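*Asks:* My structure is stored as final02.cif, with mmCIF, C-alpha atoms; chains and numbers go by the auth columns.
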```
data_structure
#
loop_
_atom_site.group_PDB
_atom_site.id
_atom_site.type_symbol
_atom_site.label_atom_id
_atom_site.label_comp_id
_atom_site.label_asym_id
_atom_site.label_seq_id
_atom_site.Cartn_x
_atom_site.Cartn_y
_atom_site.Cartn_z
_atom_site.B_iso_or_equiv
_atom_site.auth_seq_id
_atom_site.auth_asym_id
ATOM 1 C CA MET A 1 -17.385 18.632 21.391 0.00 1 A
ATOM 2 C CA THR A 2 -17.235 22.073 19.873 0.00 2 A
ATOM 3 C CA LEU A 3 -14.182 23.420 18.114 0.00 3 A
ATOM 4 C CA ALA A 4 -13.480 25.751 21.029 0.00 4 A
ATOM 5 C CA GLU A 5 -13.674 22.863 23.507 0.00 5 A
ATOM 6 C CA LYS A 6 -11.228 20.812 21.421 0.00 6 A
ATOM 7 C CA ILE A 7 -8.761 23.692 21.220 0.00 7 A
ATOM 8 C CA LEU A 8 -8.994 24.231 24.975 0.00 8 A
ATOM 9 C CA ALA A 9 -8.418 20.512 25.496 0.00 9 A
ATOM 10 C CA ILE A 10 -5.273 20.591 23.351 0.00 10 A
ATOM 11 C CA TYR A 11 -4.039 23.832 24.926 0.00 11 A
ATOM 12 C CA PRO A 12 -5.442 24.023 28.481 0.00 12 A
ATOM 13 C CA GLU A 13 -3.390 27.156 29.118 0.00 13 A
ATOM 14 C CA LEU A 14 -5.678 29.129 26.794 0.00 14 A
ATOM 15 C CA THR A 15 -8.456 31.205 28.323 0.00 15 A
ATOM 16 C CA GLY A 16 -11.524 32.968 27.043 0.00 16 A
ATOM 17 C CA ASP A 17 -9.461 36.113 26.527 0.00 17 A
ATOM 18 C CA ASP A 18 -7.410 34.327 23.874 0.00 18 A
ATOM 19 C CA PHE A 19 -10.599 34.185 21.780 0.00 19 A
ATOM 20 C CA HIS A 20 -11.478 37.840 22.269 0.00 20 A
ATOM 21 C CA ILE A 21 -11.804 39.636 18.945 0.00 21 A
ATOM 22 C CA PHE A 22 -9.573 42.525 20.050 0.00 22 A
ATOM 23 C CA ARG A 23 -7.389 41.252 22.885 0.00 23 A
ATOM 24 C CA GLY A 24 -7.150 37.677 21.696 0.00 24 A
ATOM 25 C CA THR A 25 -5.123 36.041 18.954 0.00 25 A
ATOM 26 C CA ILE A 26 -7.568 33.308 17.953 0.00 26 A
ATOM 27 C CA LEU A 27 -10.846 33.884 16.144 0.00 27 A
ATOM 28 C CA LEU A 28 -13.512 31.248 15.707 0.00 28 A
ATOM 29 C CA GLU A 29 -16.516 31.819 13.462 0.00 29 A
ATOM 30 C CA ASN A 30 -19.572 30.024 12.154 0.00 30 A
ATOM 31 C CA HIS A 31 -21.122 31.518 9.024 0.00 31 A
ATOM 32 C CA LEU A 32 -23.966 28.978 8.881 0.00 32 A
ATOM 33 C CA ASP A 33 -22.651 27.927 5.470 0.00 33 A
ATOM 34 C CA GLY A 34 -22.434 24.223 6.273 0.00 34 A
ATOM 35 C CA ASN A 35 -18.803 24.293 7.382 0.00 35 A
ATOM 36 C CA GLY A 36 -19.614 24.565 11.071 0.00 36 A
ATOM 37 C CA ASP A 37 -17.225 26.283 13.472 0.00 37 A
ATOM 38 C CA VAL A 38 -13.966 27.246 11.788 0.00 38 A
ATOM 39 C CA ILE A 39 -10.719 28.953 12.785 0.00 39 A
ATOM 40 C CA THR A 40 -10.548 32.238 10.855 0.00 40 A
ATOM 41 C CA LYS A 41 -7.515 33.657 12.669 0.00 41 A
ATOM 42 C CA TRP A 42 -4.668 32.053 14.608 0.00 42 A
ATOM 43 C CA GLU A 43 -1.949 34.501 15.615 0.00 43 A
ATOM 44 C CA HIS A 44 -0.936 33.086 18.982 0.00 44 A
ATOM 45 C CA PRO A 45 2.706 34.003 19.656 0.00 45 A
ATOM 46 C CA THR A 46 3.781 30.605 21.034 0.00 46 A
ATOM 47 C CA LEU A 47 1.131 27.981 20.331 0.00 47 A
ATOM 48 C CA THR A 48 0.772 26.652 16.815 0.00 48 A
ATOM 49 C CA GLN A 49 -2.605 26.149 15.206 0.00 49 A
ATOM 50 C CA PRO A 50 -3.726 22.576 15.847 0.00 50 A
ATOM 51 C CA THR A 51 -3.969 20.365 12.821 0.00 51 A
ATOM 52 C CA GLN A 52 -7.208 18.733 11.769 0.00 52 A
ATOM 53 C CA GLU A 53 -5.714 15.432 12.927 0.00 53 A
ATOM 54 C CA GLN A 54 -5.100 16.865 16.388 0.00 54 A
ATOM 55 C CA LEU A 55 -8.610 18.232 16.534 0.00 55 A
ATOM 56 C CA ASP A 56 -10.117 14.970 15.357 0.00 56 A
ATOM 57 C CA GLY A 57 -8.109 13.138 18.014 0.00 57 A
ATOM 58 C CA VAL A 58 -9.813 14.989 20.843 0.00 58 A
ATOM 59 C CA THR A 59 -12.752 13.037 22.189 0.00 59 A
ATOM 60 C CA GLU A 60 -14.902 13.360 25.249 0.00 60 A
ATOM 61 C CA MET B 1 -30.914 87.773 -28.898 0.00 61 B
ATOM 62 C CA SER B 2 -32.894 84.769 -27.759 0.00 62 B
ATOM 63 C CA LYS B 3 -36.613 85.222 -27.450 0.00 63 B
ATOM 64 C CA VAL B 4 -39.461 84.193 -25.175 0.00 64 B
ATOM 65 C CA LYS B 5 -42.401 82.623 -26.929 0.00 65 B
ATOM 66 C CA ILE B 6 -45.675 81.825 -25.215 0.00 66 B
ATOM 67 C CA GLN B 7 -47.475 79.122 -27.171 0.00 67 B
ATOM 68 C CA GLY B 8 -51.148 78.388 -26.664 0.00 68 B
ATOM 69 C CA ASN B 9 -52.656 74.927 -26.871 0.00 69 B
ATOM 70 C CA ALA B 10 -54.973 74.377 -29.823 0.00 70 B
ATOM 71 C CA SER B 11 -57.021 71.729 -28.024 0.00 71 B
ATOM 72 C CA GLY B 12 -57.617 73.416 -24.689 0.00 72 B
ATOM 73 C CA THR B 13 -60.224 76.027 -23.849 0.00 73 B
ATOM 74 C CA GLY B 14 -58.870 77.293 -20.514 0.00 74 B
ATOM 75 C CA THR B 15 -56.941 80.500 -20.023 0.00 75 B
ATOM 76 C CA LEU B 16 -53.451 80.401 -18.528 0.00 76 B
ATOM 77 C CA THR B 17 -52.708 83.478 -16.445 0.00 77 B
ATOM 78 C CA ILE B 18 -49.189 84.406 -15.365 0.00 78 B
ATOM 79 C CA SER B 19 -49.445 86.641 -12.341 0.00 79 B
ATOM 80 C CA ALA B 20 -46.957 88.961 -10.697 0.00 80 B
ATOM 81 C CA PRO B 21 -46.416 88.661 -6.939 0.00 81 B
ATOM 82 C CA ASN B 22 -47.245 91.539 -4.605 0.00 82 B
ATOM 83 C CA THR B 23 -43.818 93.117 -4.494 0.00 83 B
ATOM 84 C CA ASN B 24 -42.057 96.452 -4.958 0.00 84 B
ATOM 85 C CA VAL B 25 -38.756 94.843 -5.944 0.00 85 B
ATOM 86 C CA ASP B 26 -37.660 94.230 -9.496 0.00 86 B
ATOM 87 C CA ARG B 27 -36.823 90.569 -10.071 0.00 87 B
ATOM 88 C CA SER B 28 -35.924 88.404 -12.986 0.00 88 B
ATOM 89 C CA LEU B 29 -36.782 84.753 -13.514 0.00 89 B
ATOM 90 C CA THR B 30 -34.350 82.808 -15.649 0.00 90 B
ATOM 91 C CA LEU B 31 -35.703 79.689 -17.264 0.00 91 B
ATOM 92 C CA PRO B 32 -33.455 76.622 -17.434 0.00 92 B
ATOM 93 C CA ASP B 33 -31.680 76.028 -20.728 0.00 93 B
ATOM 94 C CA GLY B 34 -33.320 72.690 -21.407 0.00 94 B
ATOM 95 C CA ALA B 35 -36.554 71.025 -22.300 0.00 95 B
ATOM 96 C CA GLY B 36 -38.974 69.907 -19.642 0.00 96 B
ATOM 97 C CA GLU B 37 -41.694 70.990 -17.308 0.00 97 B
ATOM 98 C CA ILE B 38 -41.901 73.251 -14.307 0.00 98 B
ATOM 99 C CA LEU B 39 -43.160 71.468 -11.193 0.00 99 B
ATOM 100 C CA LEU B 40 -46.183 72.672 -9.317 0.00 100 B
ATOM 101 C CA SER B 41 -45.568 73.522 -5.684 0.00 101 B
ATOM 102 C CA ASP B 42 -47.776 70.595 -4.662 0.00 102 B
ATOM 103 C CA GLY B 43 -46.181 68.132 -7.102 0.00 103 B
ATOM 104 C CA ASP B 44 -44.832 64.875 -5.709 0.00 104 B
ATOM 105 C CA GLY B 45 -41.439 65.274 -7.371 0.00 105 B
ATOM 106 C CA SER B 46 -41.725 61.975 -9.182 0.00 106 B
ATOM 107 C CA ASN B 47 -40.651 63.563 -12.503 0.00 107 B
ATOM 108 C CA LEU B 48 -37.345 64.783 -11.095 0.00 108 B
ATOM 109 C CA THR B 49 -34.343 62.879 -12.356 0.00 109 B
ATOM 110 C CA GLY B 50 -31.736 64.184 -9.926 0.00 110 B
ATOM 111 C CA ILE B 51 -33.086 62.324 -6.945 0.00 111 B
ATOM 112 C CA THR B 52 -33.982 58.699 -6.469 0.00 112 B
ATOM 113 C CA SER B 53 -37.523 57.487 -6.787 0.00 113 B
ATOM 114 C CA GLU B 54 -37.276 56.425 -3.146 0.00 114 B
ATOM 115 C CA GLN B 55 -36.575 60.017 -2.114 0.00 115 B
ATOM 116 C CA ALA B 56 -39.275 61.410 -4.369 0.00 116 B
ATOM 117 C CA THR B 57 -42.003 59.050 -3.270 0.00 117 B
ATOM 118 C CA GLY B 58 -40.899 58.412 0.310 0.00 118 B
ATOM 119 C CA ASP B 59 -40.585 54.710 -0.418 0.00 119 B
ATOM 120 C CA ILE B 60 -37.638 54.305 1.936 0.00 120 B
ATOM 121 C CA PRO B 61 -36.305 50.776 2.468 0.00 121 B
ATOM 122 C CA VAL B 62 -37.017 49.641 6.013 0.00 122 B
ATOM 123 C CA PHE B 63 -37.168 46.194 7.557 0.00 123 B
ATOM 124 C CA ARG B 64 -37.534 44.278 10.798 0.00 124 B
ATOM 125 C CA ALA B 65 -36.317 40.678 10.744 0.00 125 B
ATOM 126 C CA TYR B 66 -36.422 38.267 13.656 0.00 126 B
ATOM 127 C CA GLN B 67 -35.722 34.729 14.736 0.00 127 B
ATOM 128 C CA ASN B 68 -38.971 32.860 14.370 0.00 128 B
ATOM 129 C CA ALA B 69 -39.009 29.094 13.976 0.00 129 B
ATOM 130 C CA SER B 70 -36.755 27.906 16.770 0.00 130 B
ATOM 131 C CA ARG B 71 -34.010 28.758 19.195 0.00 131 B
ATOM 132 C CA GLN B 72 -30.452 28.742 17.859 0.00 132 B
ATOM 133 C CA THR B 73 -27.679 26.846 19.595 0.00 133 B
ATOM 134 C CA PHE B 74 -24.072 27.835 19.048 0.00 134 B
ATOM 135 C CA SER B 75 -20.615 27.244 20.494 0.00 135 B
ATOM 136 C CA ASN B 76 -18.945 29.168 23.276 0.00 136 B
ATOM 137 C CA TYR B 77 -16.259 31.626 22.136 0.00 137 B
ATOM 138 C CA THR B 78 -17.446 31.377 18.505 0.00 138 B
ATOM 139 C CA TRP B 79 -18.771 34.283 16.438 0.00 139 B
ATOM 140 C CA THR B 80 -21.898 32.827 14.875 0.00 140 B
ATOM 141 C CA LYS B 81 -24.267 34.351 12.357 0.00 141 B
ATOM 142 C CA VAL B 82 -27.705 34.877 13.834 0.00 142 B
ATOM 143 C CA VAL B 83 -30.617 33.058 12.221 0.00 143 B
ATOM 144 C CA LEU B 84 -33.277 35.587 11.212 0.00 144 B
ATOM 145 C CA ASP B 85 -35.828 33.534 9.337 0.00 145 B
ATOM 146 C CA ALA B 86 -38.840 35.851 9.257 0.00 146 B
ATOM 147 C CA THR B 87 -39.689 39.485 8.747 0.00 147 B
ATOM 148 C CA GLN B 88 -42.392 41.528 10.367 0.00 148 B
ATOM 149 C CA TYR B 89 -42.066 44.019 7.512 0.00 149 B
ATOM 150 C CA ASP B 90 -39.569 44.479 4.705 0.00 150 B
ATOM 151 C CA LYS B 91 -40.262 47.389 2.356 0.00 151 B
ATOM 152 C CA GLY B 92 -38.456 46.552 -0.859 0.00 152 B
ATOM 153 C CA SER B 93 -38.095 42.861 0.020 0.00 153 B
ATOM 154 C CA TYR B 94 -34.335 43.078 0.468 0.00 154 B
ATOM 155 C CA PHE B 95 -33.976 40.830 3.519 0.00 155 B
ATOM 156 C CA ASP B 96 -32.931 37.255 2.752 0.00 156 B
ATOM 157 C CA THR B 97 -34.552 34.926 5.301 0.00 157 B
ATOM 158 C CA THR B 98 -32.541 31.974 3.960 0.00 158 B
ATOM 159 C CA ASN B 99 -29.065 33.453 4.307 0.00 159 B
ATOM 160 C CA TYR B 100 -30.072 35.902 7.038 0.00 160 B
ATOM 161 C CA ARG B 101 -28.673 39.029 5.413 0.00 161 B
ATOM 162 C CA TYR B 102 -29.884 42.436 4.256 0.00 162 B
ATOM 163 C CA THR B 103 -28.879 43.439 0.710 0.00 163 B
ATOM 164 C CA PRO B 104 -30.786 46.605 -0.201 0.00 164 B
ATOM 165 C CA GLN B 105 -30.879 47.656 -3.839 0.00 165 B
ATOM 166 C CA VAL B 106 -30.813 51.364 -3.029 0.00 166 B
ATOM 167 C CA GLU B 107 -27.396 52.929 -2.482 0.00 167 B
ATOM 168 C CA GLY B 108 -26.992 54.897 0.693 0.00 168 B
ATOM 169 C CA TYR B 109 -26.407 55.026 4.408 0.00 169 B
ATOM 170 C CA TYR B 110 -28.396 52.640 6.542 0.00 170 B
ATOM 171 C CA GLN B 111 -29.002 52.615 10.257 0.00 171 B
ATOM 172 C CA PHE B 112 -29.124 49.187 11.895 0.00 172 B
ATOM 173 C CA PHE B 113 -30.151 47.967 15.318 0.00 173 B
ATOM 174 C CA GLY B 114 -29.637 44.368 16.360 0.00 174 B
ATOM 175 C CA GLN B 115 -30.587 42.464 19.476 0.00 175 B
ATOM 176 C CA VAL B 116 -29.826 38.932 20.597 0.00 176 B
ATOM 177 C CA HIS B 117 -31.545 37.299 23.540 0.00 177 B
ATOM 178 C CA PHE B 118 -28.996 34.930 25.088 0.00 178 B
ATOM 179 C CA ARG B 119 -31.019 32.266 26.908 0.00 179 B
ATOM 180 C CA ASN B 120 -29.686 28.997 28.224 0.00 180 B
ATOM 181 C CA GLY B 121 -27.480 28.770 31.292 0.00 181 B
ATOM 182 C CA SER B 122 -25.623 31.398 33.228 0.00 182 B
ATOM 183 C CA TRP B 123 -23.719 33.759 31.014 0.00 183 B
ATOM 184 C CA GLU B 124 -20.230 34.962 31.794 0.00 184 B
ATOM 185 C CA GLN B 125 -20.092 37.168 28.699 0.00 185 B
ATOM 186 C CA THR B 126 -22.261 38.011 25.683 0.00 186 B
ATOM 187 C CA HIS B 127 -21.354 39.789 22.448 0.00 187 B
ATOM 188 C CA THR B 128 -23.134 41.056 19.366 0.00 188 B
ATOM 189 C CA ALA B 129 -21.724 42.534 16.170 0.00 189 B
ATOM 190 C CA LEU B 130 -22.665 43.815 12.743 0.00 190 B
ATOM 191 C CA LYS B 131 -20.622 42.501 9.845 0.00 191 B
ATOM 192 C CA LYS B 132 -20.526 43.789 6.260 0.00 192 B
ATOM 193 C CA ASN B 133 -20.035 41.429 3.316 0.00 193 B
ATOM 194 C CA ASN B 134 -18.745 38.780 5.736 0.00 194 B
ATOM 195 C CA THR B 135 -15.379 40.538 5.644 0.00 195 B
ATOM 196 C CA THR B 136 -15.605 43.728 7.668 0.00 196 B
ATOM 197 C CA TRP B 137 -16.636 43.939 11.292 0.00 197 B
ATOM 198 C CA ILE B 138 -18.625 47.159 11.623 0.00 198 B
ATOM 199 C CA THR B 139 -19.229 47.408 15.345 0.00 199 B
ATOM 200 C CA PHE B 140 -19.454 45.356 18.516 0.00 200 B
ATOM 201 C CA ASN B 141 -21.118 45.268 21.874 0.00 201 B
ATOM 202 C CA HIS B 142 -19.184 43.335 24.513 0.00 202 B
ATOM 203 C CA MET B 143 -20.848 42.570 27.829 0.00 203 B
ATOM 204 C CA TYR B 144 -18.847 40.954 30.649 0.00 204 B
ATOM 205 C CA TYR B 145 -20.627 39.944 33.820 0.00 205 B
ATOM 206 C CA THR B 146 -17.497 39.793 35.955 0.00 206 B
ATOM 207 C CA GLY B 147 -17.986 38.391 39.431 0.00 207 B
ATOM 208 C CA TRP B 148 -21.480 37.185 38.748 0.00 208 B
ATOM 209 C CA THR B 149 -23.400 35.411 36.075 0.00 209 B
ATOM 210 C CA ILE B 150 -26.597 36.338 34.353 0.00 210 B
ATOM 211 C CA ASP B 151 -29.505 34.310 33.079 0.00 211 B
ATOM 212 C CA ASP B 152 -31.315 35.574 29.979 0.00 212 B
ATOM 213 C CA ALA B 153 -29.296 38.497 28.680 0.00 213 B
ATOM 214 C CA ASN B 154 -30.179 40.897 25.901 0.00 214 B
ATOM 215 C CA CYS B 155 -27.209 42.312 24.040 0.00 215 B
ATOM 216 C CA TYR B 156 -27.647 45.145 21.554 0.00 216 B
ATOM 217 C CA VAL B 157 -25.627 46.604 18.703 0.00 217 B
ATOM 218 C CA SER B 158 -26.219 49.599 16.452 0.00 218 B
ATOM 219 C CA ASP B 159 -24.412 51.586 13.779 0.00 219 B
ATOM 220 C CA ILE B 160 -24.695 53.394 10.448 0.00 220 B
ATOM 221 C CA VAL B 161 -23.346 51.535 7.411 0.00 221 B
ATOM 222 C CA TYR B 162 -22.841 52.614 3.800 0.00 222 B
ATOM 223 C CA LEU B 163 -24.166 50.050 1.309 0.00 223 B
ATOM 224 C CA ASN B 164 -23.659 50.270 -2.465 0.00 224 B
ATOM 225 C CA GLY B 165 -27.219 49.283 -3.385 0.00 225 B
ATOM 226 C CA SER B 166 -26.252 46.173 -5.309 0.00 226 B
ATOM 227 C CA THR B 167 -23.904 43.664 -3.656 0.00 227 B
ATOM 228 C CA ASP B 168 -23.210 45.017 -0.156 0.00 228 B
ATOM 229 C CA TYR B 169 -24.960 43.271 2.700 0.00 229 B
ATOM 230 C CA VAL B 170 -25.089 43.301 6.482 0.00 230 B
ATOM 231 C CA GLU B 171 -25.435 40.405 8.897 0.00 231 B
ATOM 232 C CA LEU B 172 -25.866 40.086 12.659 0.00 232 B
ATOM 233 C CA PHE B 173 -23.369 37.980 14.600 0.00 233 B
ATOM 234 C CA MET B 174 -23.250 36.820 18.202 0.00 234 B
ATOM 235 C CA ASN B 175 -20.788 35.264 20.622 0.00 235 B
ATOM 236 C CA GLY B 176 -20.794 34.328 24.277 0.00 236 B
ATOM 237 C CA LYS B 177 -19.780 32.026 27.094 0.00 237 B
ATOM 238 C CA SER B 178 -22.411 30.059 28.980 0.00 238 B
ATOM 239 C CA ASP B 179 -22.032 27.335 31.584 0.00 239 B
ATOM 240 C CA SER B 180 -24.608 25.335 29.652 0.00 240 B
ATOM 241 C CA THR B 181 -25.315 24.789 25.954 0.00 241 B
ATOM 242 C CA PRO B 182 -25.450 28.349 24.630 0.00 242 B
ATOM 243 C CA ASP B 183 -28.534 29.317 22.718 0.00 243 B
ATOM 244 C CA THR B 184 -30.791 32.202 21.836 0.00 244 B
ATOM 245 C CA ASP B 185 -34.432 32.766 22.533 0.00 245 B
ATOM 246 C CA ASN B 186 -36.555 33.149 19.437 0.00 246 B
ATOM 247 C CA GLY B 187 -39.538 35.403 18.948 0.00 247 B
ATOM 248 C CA ILE B 188 -40.508 38.663 17.386 0.00 248 B
ATOM 249 C CA ASP B 189 -39.535 40.546 20.548 0.00 249 B
ATOM 250 C CA ARG B 190 -36.352 38.606 21.342 0.00 250 B
ATOM 251 C CA THR B 191 -33.689 38.136 18.674 0.00 251 B
ATOM 252 C CA LYS B 192 -33.977 40.577 15.778 0.00 252 B
ATOM 253 C CA LEU B 193 -32.331 42.959 13.338 0.00 253 B
ATOM 254 C CA MET B 194 -33.889 46.190 12.115 0.00 254 B
ATOM 255 C CA GLY B 195 -32.703 48.810 9.663 0.00 255 B
ATOM 256 C CA ASN B 196 -33.665 51.637 7.367 0.00 256 B
ATOM 257 C CA LEU B 197 -32.197 53.989 4.798 0.00 257 B
ATOM 258 C CA ILE B 198 -31.360 57.352 6.324 0.00 258 B
ATOM 259 C CA ARG B 199 -29.570 58.993 3.359 0.00 259 B
ATOM 260 C CA ALA B 200 -29.614 57.882 -0.260 0.00 260 B
ATOM 261 C CA GLY B 201 -26.576 58.094 -2.516 0.00 261 B
ATOM 262 C CA ALA B 202 -22.838 57.917 -2.002 0.00 262 B
#
```
Please rewrite the model in this file as structure tokens.

*Replies:*
Amino acid sequence: MTLAEKILAIYPELTGDDFHIFRGTILLENHLDGNGDVITKWEHPTLTQPTQEQLDGVTE
Amino acid sequence: MSKVKIQGNASGTGTLTISAPNTNVDRSLTLPDGAGEILLSDGDGSNLTGITSEQATGDIPVFRAYQNASRQTFSNYTWTKVVLDATQYDKGSYFDTTNYRYTPQVEGYYQFFGQVHFRNGSWEQTHTALKKNNTTWITFNHMYYTGWTIDDANCYVSDIVYLNGSTDYVELFMNGKSDSTPDTDNGIDRTKLMGNLIRAGA
């Protein structure tokens, strides 16, 4: 699963707009530097940024 | 009073003639207070020190990089750097086909044009962007296909960016939402980034 899919699984109330670079509060990036997809901004007003443990716990 | 001295050349045999123009107006010509040479009207300007060698010789940095070896998969909703692993031309050799970035060594203002061919699945939205030094988003193009989906979408982005001629670089990023595994289509006419210097200096 991708990072975005795991976040959406943890917080199903999120939509694509939450990831929009202007309207959204969450920014995901991949710089092709070996770190894969990463969260570079999390400013959601009510939902806290999931921990690595939470993300790792999401499986298909 | 300073003087004007015309000095011949002991080795040459030609005659230097200084001619007056066909005019009825009195004019004065003031020589610069410095050593050097006066350029001929058909000189290439390469001896001038006030402009860059690129300006004098017309050797303007210009490049066209593209995605060559394979298609690039990425994740929905994730801004991903675009793989550009080949160049069609790269005057100055400033494009890095390993890190997919353009770092010209001539200070100035550069015009960029990027294109990503979004391929697999039906696309709900596609985005492209130019990013400077991996810290500053320069410009975006957001395409939303509301009410319908699109297969094979080209998304463009363009802007003018100042680069310091040493460490500044520009990269092409993409984002999107597909109902299948998102990827690009590779090829010299598909996914690419082009740019050129349009004004040297700060």

*Asks:* Counting all atoms listed in the file, a student should be able to say which residues of chain B come within 7 Å of chain A; what is the right answer, written as a PDB file with C-alpha atoms, keeping the file's coordinate frame?

*Replies:*
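Saved result, out.pdb, follows:
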```
ATOM      1  CA  SER B 135     -20.615  27.244  20.494  1.00  0.00           C
ATOM      2  CA  ASN B 136     -18.945  29.168  23.276  1.00  0.00           C
ATOM      3  CA  TYR B 137     -16.259  31.626  22.136  1.00  0.00           C
ATOM      4  CA  THR B 138     -17.446  31.377  18.505  1.00  0.00           C
ATOM      5  CA  TRP B 139     -18.771  34.283  16.438  1.00  0.00           C
ATOM      6  CA  THR B 140     -21.898  32.827  14.875  1.00  0.00           C
ATOM      7  CA  LYS B 141     -24.267  34.351  12.357  1.00  0.00           C
TER       8      LYS B 141
END
```

*Asks:* Going by the chain IDs and residue numbers used in this file, which residues fall under the PyMOL selection byres ((chain B and resi 150) around 9)? Write them as a VMD selection string.

*Replies:* chain B and resid 121 to 125 147 to 149 151 to 155

*Asks:* Do you know which residues are at most 9 Å from stretch 47-50 of chain A counting all atoms listed in the file, after dropping those on the same chain fewer than 6 positions away, and could you put them as a ChimeraX atom specification?

*Replies:* /A:7,10-11,39

*Asks:* Only C-alpha atoms, please: the residues just picked out, written as a PDB file, keeping the file's coordinate frame.

*Replies:*
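Contents of the output file again-v3.pdb:
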```pdb
ATOM      1  CA  ILE A   7      -8.761  23.692  21.220  1.00  0.00           C
ATOM      2  CA  ILE A  10      -5.273  20.591  23.351  1.00  0.00           C
ATOM      3  CA  TYR A  11      -4.039  23.832  24.926  1.00  0.00           C
ATOM      4  CA  ILE A  39     -10.719  28.953  12.785  1.00  0.00           C
TER       5      ILE A  39
END
```

*Asks:* Between atom CA of B:Thr209 and atom CA of B:Val176, what is the spacing in Å?

*Replies:*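 Atom CA of B:Val176 sits 17.1 Å away from atom CA of B:Thr209.
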
*Asks:* Quote the spacing between atom CA of B:Leu190 and atom CA of B:Asn256 in Å to one decimal place.

*Replies:* 14.5 Å

*Asks:* For a test of reading the model, state the distance in Å between atom CA of B:Gln165 and atom CA of B:Gly118, rounded to one decimal.

*Replies:* 15.3 Å

*Asks:* Would you write out, as a PyMOL selection string, every residue that the PyMOL selection byres ((chain B and resi 179) around 12) captures in this file?

*Replies:* chain B and resi 131-134+176-178+180-183+186+210-215+236-246+250-251

*Asks:* Would you pick out the contacts of B:Asn193 at 8 Å or less, using only C-alpha atoms, so that residues sharing its chain but fewer than 6 positions from it are not included, and give the list as a compact mmCIF listing (two decimals) with C-alpha atoms, keeping the file's coordinate frame?

*Replies:*
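Generated output (out.txt):
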```txt
# COMPACT_ATOMS: atom_id res chain seq x y z
CA ASP B 228 -23.21 45.02 -0.16
CA TYR B 229 -24.96 43.27 2.70
CA VAL B 230 -25.09 43.30 6.48
CA GLU B 231 -25.44 40.40 8.90
```

*Asks:* Which residues match the PyMOL selection byres ((chain B and resi 258) around 12) in the file above, as a PyMOL selection string?

*Replies:* chain B and resi 114-115+118-122+166-172+219-223+255-257+259-262

*Asks:* Counting all atoms listed in the file, which of B:Leu144, B:Leu232, B:Leu91, B:Ala70 gets nearest to B:Ser218?

*Replies:*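 Using all atoms listed in the file, the shortest distance to B:Ser218 belongs to B:Leu232.
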